file model.cif (mmCIF, N, CA and C atoms)
data_protein
#
loop_
_atom_site.label_atom_id
_atom_site.label_comp_id
_atom_site.auth_asym_id
_atom_site.auth_seq_id
_atom_site.Cartn_x
_atom_site.Cartn_y
_atom_site.Cartn_z
N MET F 1 82.59 83.06 6.46
CA MET F 1 82.66 81.86 7.29
C MET F 1 83.98 81.15 7.00
N THR F 2 84.64 80.71 8.04
CA THR F 2 85.92 80.03 7.85
C THR F 2 85.71 78.53 7.93
N GLY F 3 86.62 77.81 7.33
CA GLY F 3 86.56 76.35 7.36
C GLY F 3 87.08 75.82 8.69
N PRO F 4 87.09 74.50 8.83
CA PRO F 4 87.60 73.91 10.06
C PRO F 4 89.09 74.21 10.23
N ARG F 5 89.49 74.32 11.46
CA ARG F 5 90.88 74.65 11.78
C ARG F 5 91.77 73.44 11.50
N THR F 6 92.88 73.70 10.88
CA THR F 6 93.85 72.63 10.62
C THR F 6 94.88 72.62 11.74
N ASP F 7 95.68 71.56 11.79
CA ASP F 7 96.72 71.45 12.81
C ASP F 7 97.76 72.55 12.69
N SER F 8 97.88 73.14 11.50
CA SER F 8 98.89 74.16 11.29
C SER F 8 98.45 75.52 11.83
N GLU F 9 97.20 75.64 12.27
CA GLU F 9 96.71 76.89 12.80
C GLU F 9 96.50 76.78 14.30
N LEU F 10 96.83 77.83 15.01
CA LEU F 10 96.61 77.85 16.45
C LEU F 10 95.33 78.62 16.75
N SER F 11 94.58 78.14 17.72
CA SER F 11 93.38 78.85 18.14
C SER F 11 93.79 80.13 18.86
N GLU F 12 92.85 81.02 19.01
CA GLU F 12 93.10 82.26 19.74
C GLU F 12 93.50 81.93 21.19
N LEU F 13 92.83 80.96 21.79
CA LEU F 13 93.18 80.56 23.16
C LEU F 13 94.61 80.05 23.23
N ALA F 14 95.01 79.22 22.28
CA ALA F 14 96.38 78.69 22.27
C ALA F 14 97.39 79.83 22.14
N ARG F 15 97.10 80.79 21.30
CA ARG F 15 98.01 81.94 21.13
C ARG F 15 98.09 82.76 22.43
N ARG F 16 96.96 82.96 23.08
CA ARG F 16 96.95 83.70 24.35
C ARG F 16 97.74 82.96 25.42
N ILE F 17 97.61 81.63 25.45
CA ILE F 17 98.33 80.83 26.44
C ILE F 17 99.84 80.93 26.19
N LEU F 18 100.27 80.82 24.95
CA LEU F 18 101.70 80.95 24.65
C LEU F 18 102.22 82.33 25.03
N ALA F 19 101.45 83.37 24.75
CA ALA F 19 101.86 84.73 25.12
C ALA F 19 101.94 84.87 26.64
N PHE F 20 100.99 84.29 27.33
CA PHE F 20 100.98 84.33 28.80
C PHE F 20 102.22 83.64 29.35
N GLU F 21 102.54 82.47 28.83
CA GLU F 21 103.72 81.73 29.29
C GLU F 21 105.01 82.47 28.96
N GLN F 22 105.04 83.16 27.85
CA GLN F 22 106.22 83.93 27.48
C GLN F 22 106.47 85.04 28.50
N ASP F 23 105.41 85.66 28.97
CA ASP F 23 105.52 86.77 29.91
C ASP F 23 105.71 86.33 31.36
N ARG F 24 105.23 85.15 31.69
CA ARG F 24 105.21 84.72 33.09
C ARG F 24 105.84 83.34 33.23
N ALA F 25 107.13 83.33 33.46
CA ALA F 25 107.86 82.06 33.54
C ALA F 25 107.75 81.41 34.91
N ARG F 26 107.27 82.10 35.89
CA ARG F 26 107.23 81.54 37.24
C ARG F 26 105.98 80.68 37.42
N HIS F 27 106.00 79.85 38.44
CA HIS F 27 104.84 79.04 38.80
C HIS F 27 104.60 79.23 40.29
N ASP F 28 103.70 80.10 40.62
CA ASP F 28 103.40 80.36 42.02
C ASP F 28 101.94 80.75 42.16
N ARG F 29 101.54 81.11 43.36
CA ARG F 29 100.14 81.46 43.60
C ARG F 29 99.72 82.69 42.80
N THR F 30 100.62 83.62 42.59
CA THR F 30 100.30 84.80 41.81
C THR F 30 99.94 84.42 40.39
N LYS F 31 100.73 83.54 39.80
CA LYS F 31 100.45 83.09 38.44
C LYS F 31 99.11 82.36 38.40
N GLU F 32 98.84 81.54 39.40
CA GLU F 32 97.57 80.82 39.43
C GLU F 32 96.39 81.77 39.51
N ALA F 33 96.52 82.83 40.28
CA ALA F 33 95.46 83.84 40.35
C ALA F 33 95.30 84.54 39.01
N GLU F 34 96.41 84.84 38.35
CA GLU F 34 96.36 85.47 37.04
C GLU F 34 95.69 84.55 36.01
N ILE F 35 95.94 83.25 36.11
CA ILE F 35 95.32 82.28 35.20
C ILE F 35 93.80 82.34 35.36
N ARG F 36 93.33 82.36 36.61
CA ARG F 36 91.88 82.41 36.86
C ARG F 36 91.26 83.66 36.25
N VAL F 37 91.94 84.80 36.39
CA VAL F 37 91.40 86.06 35.87
C VAL F 37 91.51 86.11 34.35
N GLU F 38 92.67 85.80 33.83
CA GLU F 38 92.94 85.95 32.39
C GLU F 38 92.16 84.95 31.53
N PHE F 39 92.05 83.70 32.00
CA PHE F 39 91.47 82.65 31.17
C PHE F 39 90.14 82.10 31.69
N ASP F 40 89.73 82.54 32.87
CA ASP F 40 88.48 82.07 33.46
C ASP F 40 88.42 80.55 33.53
N MET F 41 89.53 79.97 34.01
CA MET F 41 89.59 78.52 34.19
C MET F 41 90.50 78.22 35.37
N SER F 42 90.36 77.04 35.93
CA SER F 42 91.21 76.65 37.04
C SER F 42 92.64 76.45 36.53
N PRO F 43 93.62 76.59 37.42
CA PRO F 43 95.00 76.32 37.01
C PRO F 43 95.18 74.89 36.48
N ALA F 44 94.50 73.92 37.07
CA ALA F 44 94.62 72.54 36.60
C ALA F 44 94.16 72.42 35.15
N ARG F 45 93.03 73.04 34.83
CA ARG F 45 92.52 73.00 33.46
C ARG F 45 93.47 73.75 32.52
N TYR F 46 93.98 74.89 32.98
CA TYR F 46 94.93 75.66 32.18
C TYR F 46 96.13 74.80 31.79
N TYR F 47 96.69 74.08 32.76
CA TYR F 47 97.87 73.27 32.46
C TYR F 47 97.54 72.08 31.56
N GLN F 48 96.31 71.57 31.64
CA GLN F 48 95.90 70.54 30.68
C GLN F 48 95.90 71.11 29.26
N VAL F 49 95.32 72.29 29.11
CA VAL F 49 95.27 72.94 27.80
C VAL F 49 96.68 73.28 27.34
N LEU F 50 97.50 73.83 28.24
CA LEU F 50 98.87 74.18 27.89
C LEU F 50 99.63 72.95 27.37
N ASN F 51 99.48 71.82 28.03
CA ASN F 51 100.18 70.61 27.60
C ASN F 51 99.74 70.19 26.20
N ARG F 52 98.46 70.33 25.89
CA ARG F 52 98.00 70.03 24.53
C ARG F 52 98.60 71.01 23.53
N VAL F 53 98.64 72.28 23.92
CA VAL F 53 99.17 73.31 23.02
C VAL F 53 100.64 73.04 22.70
N ILE F 54 101.45 72.77 23.72
CA ILE F 54 102.89 72.60 23.47
C ILE F 54 103.22 71.29 22.76
N ASP F 55 102.24 70.40 22.67
CA ASP F 55 102.44 69.18 21.89
C ASP F 55 102.07 69.35 20.42
N SER F 56 101.53 70.52 20.06
CA SER F 56 101.08 70.73 18.69
C SER F 56 102.22 71.26 17.80
N ALA F 57 102.21 70.81 16.57
CA ALA F 57 103.19 71.28 15.60
C ALA F 57 103.00 72.77 15.31
N ALA F 58 101.75 73.22 15.38
CA ALA F 58 101.47 74.63 15.11
C ALA F 58 102.13 75.52 16.15
N ALA F 59 102.08 75.14 17.41
CA ALA F 59 102.72 75.93 18.47
C ALA F 59 104.23 75.94 18.27
N LEU F 60 104.78 74.81 17.92
CA LEU F 60 106.22 74.73 17.67
C LEU F 60 106.63 75.64 16.52
N ALA F 61 105.78 75.73 15.51
CA ALA F 61 106.07 76.60 14.37
C ALA F 61 105.98 78.08 14.74
N VAL F 62 105.06 78.42 15.64
CA VAL F 62 104.86 79.81 16.04
C VAL F 62 106.01 80.32 16.91
N ASP F 63 106.39 79.52 17.90
CA ASP F 63 107.45 79.95 18.84
C ASP F 63 108.26 78.74 19.30
N PRO F 64 109.19 78.27 18.48
CA PRO F 64 109.93 77.05 18.80
C PRO F 64 110.74 77.13 20.09
N GLN F 65 111.31 78.30 20.36
CA GLN F 65 112.12 78.43 21.57
C GLN F 65 111.26 78.28 22.83
N LEU F 66 110.14 78.97 22.88
CA LEU F 66 109.24 78.88 24.03
C LEU F 66 108.68 77.47 24.18
N VAL F 67 108.21 76.89 23.09
CA VAL F 67 107.59 75.57 23.16
C VAL F 67 108.60 74.52 23.61
N THR F 68 109.82 74.54 23.09
CA THR F 68 110.81 73.55 23.53
C THR F 68 111.20 73.77 24.98
N ARG F 69 111.24 75.03 25.44
CA ARG F 69 111.52 75.30 26.85
C ARG F 69 110.41 74.73 27.73
N LEU F 70 109.16 74.95 27.34
CA LEU F 70 108.03 74.44 28.12
C LEU F 70 108.00 72.91 28.10
N GLN F 71 108.33 72.30 26.97
CA GLN F 71 108.39 70.84 26.91
C GLN F 71 109.50 70.31 27.81
N ARG F 72 110.65 70.99 27.81
CA ARG F 72 111.77 70.59 28.65
C ARG F 72 111.40 70.68 30.13
N LEU F 73 110.74 71.78 30.51
CA LEU F 73 110.31 71.94 31.91
C LEU F 73 109.30 70.87 32.31
N ARG F 74 108.38 70.57 31.42
CA ARG F 74 107.39 69.52 31.70
C ARG F 74 108.08 68.18 31.89
N HIS F 75 109.04 67.87 31.01
CA HIS F 75 109.76 66.61 31.13
C HIS F 75 110.53 66.54 32.45
N ALA F 76 111.15 67.64 32.85
CA ALA F 76 111.91 67.66 34.11
C ALA F 76 110.97 67.43 35.30
N ARG F 77 109.80 68.08 35.29
CA ARG F 77 108.83 67.88 36.39
C ARG F 77 108.33 66.45 36.42
N THR F 78 108.03 65.90 35.24
CA THR F 78 107.53 64.53 35.16
C THR F 78 108.59 63.55 35.66
N SER F 79 109.83 63.76 35.26
CA SER F 79 110.93 62.88 35.70
C SER F 79 111.14 62.97 37.21
N ALA F 80 111.10 64.19 37.73
CA ALA F 80 111.28 64.36 39.17
C ALA F 80 110.15 63.69 39.94
N ARG F 81 108.93 63.81 39.44
CA ARG F 81 107.78 63.19 40.10
C ARG F 81 107.91 61.67 40.08
N ALA F 82 108.34 61.12 38.95
CA ALA F 82 108.51 59.67 38.84
C ALA F 82 109.61 59.18 39.78
N THR F 83 110.67 59.94 39.91
CA THR F 83 111.76 59.57 40.81
C THR F 83 111.28 59.57 42.25
N ARG F 84 110.53 60.58 42.63
CA ARG F 84 109.99 60.63 44.00
C ARG F 84 109.04 59.48 44.26
N THR F 85 108.23 59.13 43.29
CA THR F 85 107.23 58.09 43.48
C THR F 85 107.83 56.70 43.49
N PHE F 86 108.72 56.43 42.53
CA PHE F 86 109.23 55.08 42.36
C PHE F 86 110.68 54.91 42.78
N GLY F 87 111.37 55.98 43.05
CA GLY F 87 112.79 55.90 43.35
C GLY F 87 113.12 55.33 44.72
N SER F 88 112.19 55.40 45.67
CA SER F 88 112.49 54.95 47.02
C SER F 88 112.46 53.44 47.15
N GLY F 89 111.86 52.74 46.19
CA GLY F 89 111.77 51.29 46.27
C GLY F 89 110.58 50.84 47.08
N THR F 90 109.92 51.75 47.77
CA THR F 90 108.75 51.43 48.56
C THR F 90 107.58 52.25 48.03
N ILE F 91 106.49 51.58 47.78
CA ILE F 91 105.32 52.29 47.29
C ILE F 91 104.29 52.31 48.41
N GLY F 92 103.71 53.44 48.64
CA GLY F 92 102.67 53.56 49.65
C GLY F 92 102.93 54.76 50.52
N PRO F 93 101.93 55.14 51.30
CA PRO F 93 102.05 56.35 52.11
C PRO F 93 102.98 56.22 53.30
N TRP F 94 103.40 54.99 53.65
CA TRP F 94 104.25 54.82 54.80
C TRP F 94 105.68 54.49 54.43
N ALA F 95 106.09 54.99 53.28
CA ALA F 95 107.46 54.79 52.83
C ALA F 95 108.40 55.53 53.77
N PRO F 96 109.60 55.00 53.99
CA PRO F 96 110.56 55.71 54.84
C PRO F 96 110.78 57.13 54.34
N GLY F 97 110.76 58.06 55.24
CA GLY F 97 111.00 59.44 54.89
C GLY F 97 109.77 60.16 54.35
N SER F 98 108.61 59.49 54.39
CA SER F 98 107.41 60.11 53.83
C SER F 98 106.78 61.08 54.82
N GLY F 99 107.24 61.06 56.06
CA GLY F 99 106.65 61.95 57.05
C GLY F 99 105.41 61.35 57.69
N THR F 100 105.04 60.14 57.33
CA THR F 100 103.88 59.46 57.87
C THR F 100 104.37 58.25 58.64
N LEU F 101 103.84 58.04 59.80
CA LEU F 101 104.26 56.91 60.61
C LEU F 101 103.58 55.62 60.16
N GLY F 102 104.37 54.58 60.03
CA GLY F 102 103.82 53.26 59.76
C GLY F 102 103.35 52.64 61.08
N SER F 103 102.72 51.47 61.01
CA SER F 103 102.16 50.85 62.23
C SER F 103 103.25 50.50 63.22
N ALA F 104 104.42 50.02 62.76
CA ALA F 104 105.50 49.67 63.67
C ALA F 104 106.01 50.91 64.39
N GLU F 105 106.12 52.02 63.68
CA GLU F 105 106.58 53.26 64.30
C GLU F 105 105.55 53.78 65.29
N ARG F 106 104.25 53.65 64.95
CA ARG F 106 103.20 54.10 65.87
C ARG F 106 103.21 53.26 67.14
N GLU F 107 103.41 51.94 66.99
CA GLU F 107 103.45 51.06 68.16
C GLU F 107 104.63 51.42 69.05
N GLY F 108 105.75 51.74 68.43
CA GLY F 108 106.93 52.14 69.20
C GLY F 108 106.68 53.41 69.98
N LEU F 109 105.99 54.34 69.41
CA LEU F 109 105.66 55.58 70.11
C LEU F 109 104.69 55.32 71.25
N SER F 110 103.71 54.46 71.01
CA SER F 110 102.73 54.22 72.07
C SER F 110 103.37 53.48 73.24
N GLU F 111 104.34 52.61 72.98
CA GLU F 111 105.05 51.92 74.04
C GLU F 111 105.85 52.90 74.88
N GLN F 112 106.42 53.92 74.26
CA GLN F 112 107.22 54.90 74.98
C GLN F 112 106.34 55.75 75.90
N HIS F 113 105.09 55.95 75.53
CA HIS F 113 104.22 56.80 76.30
C HIS F 113 103.38 56.04 77.31
N ASP F 114 103.43 54.70 77.33
CA ASP F 114 102.62 53.91 78.28
C ASP F 114 103.25 53.88 79.64
#
call {"tool": "encode", "arguments": {"input": "model.cif", "output": "C-alpha cells"}}
result
Amino acid sequence: MTGPRTDSELSELARRILAFEQDRARHDRTKEAEIRVEFDMSPARYYQVLNRVIDSAAALAVDPQLVTRLQRLRHARTSARATRTFGSGTIGPWAPGSGTLGSAEREGLSEQHD
C-alpha cells in the first residue's frame, strides 16, 4: 500500500496528459476526438485537468520545456481573449463589429425596407 501522493509526484493521469500534449501540439476537432477516446472525458474537462497539471511543480520537474510551452500558450490565449472582450471599449453583444445588429441598426434596416 502506498502513502498519499505528494506534490512532487505526478498521477498516472497527469503523466498521460503530458505525454499526449507532447505528441499532439495542435488544437482541432481531431484532437478533441482523440481526447474523448484516450481519456474518456470531454475536451472541456480535459483542459481543466491539463491546466491544473501544468500549474504543478511536479509537472514542471518532469518536463520543464513542455510545461513552460503549455503555460505560455495558455497565457497567450487568455490575453487574446481578454483583449477581444475588453479591448473594444464596449461591453455587450451589440458592440461594433460583433456581427450582431443593435436596435438602432435594426431600425435603420426596417426603415429601408418599409
call {"tool": "atom_distance", "arguments": {"input": "model.cif", "atom1": "atom N of Arg77 (chain F)", "atom2": "atom N of Ile17 (chain F)"}}
result
20.7 Å
call {"tool": "closest_residue", "arguments": {"input": "model.cif", "among": "F:Ala19, F:Ala33, F:Ala25, F:Ala82", "to": "Arg69 (chain F)", "atoms": "only C-alpha atoms"}}
result
F:Ala25
call {"tool": "closest_residue", "arguments": {"input": "model.cif", "among": "F:Glu32, F:Leu10, F:Gln65, F:Ser56", "to": "Ala44 (chain F)", "atoms": "all atoms listed in the file"}}
result
F:Glu32
call {"tool": "atom_distance", "arguments": {"input": "model.cif", "atom1": "atom N of Ala58 (chain F)", "atom2": "atom N of Asp28 (chain F)"}}
result
26.2 Å
call {"tool": "atom_distance", "arguments": {"input": "model.cif", "atom1": "atom N of Phe20 (chain F)", "atom2": "atom N of Ala80 (chain F)"}}
result
24.8 Å
call {"tool": "closest_residue", "arguments": {"input": "model.cif", "among": "F:Ser42, F:Arg81, F:Ile54, F:Glu12", "to": "Thr68 (chain F)", "atoms": "only N, CA and C atoms"}}
result
F:Ile54
call {"tool": "resolve_selection", "arguments": {"input": "model.cif", "expression": "the PyMOL selection byres (((chain F and resi 35 and name CA) around 12) and name CA)", "output": "PDB file with N, CA and C atoms, in the frame of the given file"}}
result
ATOM      1  N   ARG F  16      96.960  82.960  23.080  1.00  0.00           N
ATOM      2  CA  ARG F  16      96.950  83.700  24.350  1.00  0.00           C
ATOM      3  C   ARG F  16      97.740  82.960  25.420  1.00  0.00           C
ATOM      4  N   ILE F  17      97.610  81.630  25.450  1.00  0.00           N
ATOM      5  CA  ILE F  17      98.330  80.830  26.440  1.00  0.00           C
ATOM      6  C   ILE F  17      99.840  80.930  26.190  1.00  0.00           C
ATOM      7  N   PHE F  20     100.990  84.290  27.330  1.00  0.00           N
ATOM      8  CA  PHE F  20     100.980  84.330  28.800  1.00  0.00           C
ATOM      9  C   PHE F  20     102.220  83.640  29.350  1.00  0.00           C
ATOM     10  N   GLU F  21     102.540  82.470  28.830  1.00  0.00           N
ATOM     11  CA  GLU F  21     103.720  81.730  29.290  1.00  0.00           C
ATOM     12  C   GLU F  21     105.010  82.470  28.960  1.00  0.00           C
ATOM     13  N   ARG F  24     105.230  85.150  31.690  1.00  0.00           N
ATOM     14  CA  ARG F  24     105.210  84.720  33.090  1.00  0.00           C
ATOM     15  C   ARG F  24     105.840  83.340  33.230  1.00  0.00           C
ATOM     16  N   HIS F  27     106.000  79.850  38.440  1.00  0.00           N
ATOM     17  CA  HIS F  27     104.840  79.040  38.800  1.00  0.00           C
ATOM     18  C   HIS F  27     104.600  79.230  40.290  1.00  0.00           C
ATOM     19  N   ASP F  28     103.700  80.100  40.620  1.00  0.00           N
ATOM     20  CA  ASP F  28     103.400  80.360  42.020  1.00  0.00           C
ATOM     21  C   ASP F  28     101.940  80.750  42.160  1.00  0.00           C
ATOM     22  N   ARG F  29     101.540  81.110  43.360  1.00  0.00           N
ATOM     23  CA  ARG F  29     100.140  81.460  43.600  1.00  0.00           C
ATOM     24  C   ARG F  29      99.720  82.690  42.800  1.00  0.00           C
ATOM     25  N   THR F  30     100.620  83.620  42.590  1.00  0.00           N
ATOM     26  CA  THR F  30     100.300  84.800  41.810  1.00  0.00           C
ATOM     27  C   THR F  30      99.940  84.420  40.390  1.00  0.00           C
ATOM     28  N   LYS F  31     100.730  83.540  39.800  1.00  0.00           N
ATOM     29  CA  LYS F  31     100.450  83.090  38.440  1.00  0.00           C
ATOM     30  C   LYS F  31      99.110  82.360  38.400  1.00  0.00           C
ATOM     31  N   GLU F  32      98.840  81.540  39.400  1.00  0.00           N
ATOM     32  CA  GLU F  32      97.570  80.820  39.430  1.00  0.00           C
ATOM     33  C   GLU F  32      96.390  81.770  39.510  1.00  0.00           C
ATOM     34  N   ALA F  33      96.520  82.830  40.280  1.00  0.00           N
ATOM     35  CA  ALA F  33      95.460  83.840  40.350  1.00  0.00           C
ATOM     36  C   ALA F  33      95.300  84.540  39.010  1.00  0.00           C
ATOM     37  N   GLU F  34      96.410  84.840  38.350  1.00  0.00           N
ATOM     38  CA  GLU F  34      96.360  85.470  37.040  1.00  0.00           C
ATOM     39  C   GLU F  34      95.690  84.550  36.010  1.00  0.00           C
ATOM     40  N   ARG F  36      93.330  82.360  36.610  1.00  0.00           N
ATOM     41  CA  ARG F  36      91.880  82.410  36.860  1.00  0.00           C
ATOM     42  C   ARG F  36      91.260  83.660  36.250  1.00  0.00           C
ATOM     43  N   VAL F  37      91.940  84.800  36.390  1.00  0.00           N
ATOM     44  CA  VAL F  37      91.400  86.060  35.870  1.00  0.00           C
ATOM     45  C   VAL F  37      91.510  86.110  34.350  1.00  0.00           C
ATOM     46  N   GLU F  38      92.670  85.800  33.830  1.00  0.00           N
ATOM     47  CA  GLU F  38      92.940  85.950  32.390  1.00  0.00           C
ATOM     48  C   GLU F  38      92.160  84.950  31.530  1.00  0.00           C
ATOM     49  N   PHE F  39      92.050  83.700  32.000  1.00  0.00           N
ATOM     50  CA  PHE F  39      91.470  82.650  31.170  1.00  0.00           C
ATOM     51  C   PHE F  39      90.140  82.100  31.690  1.00  0.00           C
ATOM     52  N   ASP F  40      89.730  82.540  32.870  1.00  0.00           N
ATOM     53  CA  ASP F  40      88.480  82.070  33.460  1.00  0.00           C
ATOM     54  C   ASP F  40      88.420  80.550  33.530  1.00  0.00           C
ATOM     55  N   MET F  41      89.530  79.970  34.010  1.00  0.00           N
ATOM     56  CA  MET F  41      89.590  78.520  34.190  1.00  0.00           C
ATOM     57  C   MET F  41      90.500  78.220  35.370  1.00  0.00           C
ATOM     58  N   SER F  42      90.360  77.040  35.930  1.00  0.00           N
ATOM     59  CA  SER F  42      91.210  76.650  37.040  1.00  0.00           C
ATOM     60  C   SER F  42      92.640  76.450  36.530  1.00  0.00           C
ATOM     61  N   PRO F  43      93.620  76.590  37.420  1.00  0.00           N
ATOM     62  CA  PRO F  43      95.000  76.320  37.010  1.00  0.00           C
ATOM     63  C   PRO F  43      95.180  74.890  36.480  1.00  0.00           C
ATOM     64  N   ALA F  44      94.500  73.920  37.070  1.00  0.00           N
ATOM     65  CA  ALA F  44      94.620  72.540  36.600  1.00  0.00           C
ATOM     66  C   ALA F  44      94.160  72.420  35.150  1.00  0.00           C
ATOM     67  N   ARG F  45      93.030  73.040  34.830  1.00  0.00           N
ATOM     68  CA  ARG F  45      92.520  73.000  33.460  1.00  0.00           C
ATOM     69  C   ARG F  45      93.470  73.750  32.520  1.00  0.00           C
ATOM     70  N   TYR F  46      93.980  74.890  32.980  1.00  0.00           N
ATOM     71  CA  TYR F  46      94.930  75.660  32.180  1.00  0.00           C
ATOM     72  C   TYR F  46      96.130  74.800  31.790  1.00  0.00           C
ATOM     73  N   TYR F  47      96.690  74.080  32.760  1.00  0.00           N
ATOM     74  CA  TYR F  47      97.870  73.270  32.460  1.00  0.00           C
ATOM     75  C   TYR F  47      97.540  72.080  31.560  1.00  0.00           C
ATOM     76  N   VAL F  49      95.320  72.290  29.110  1.00  0.00           N
ATOM     77  CA  VAL F  49      95.270  72.940  27.800  1.00  0.00           C
ATOM     78  C   VAL F  49      96.680  73.280  27.340  1.00  0.00           C
ATOM     79  N   LEU F  50      97.500  73.830  28.240  1.00  0.00           N
ATOM     80  CA  LEU F  50      98.870  74.180  27.890  1.00  0.00           C
ATOM     81  C   LEU F  50      99.630  72.950  27.370  1.00  0.00           C
TER      82      LEU F  50
END
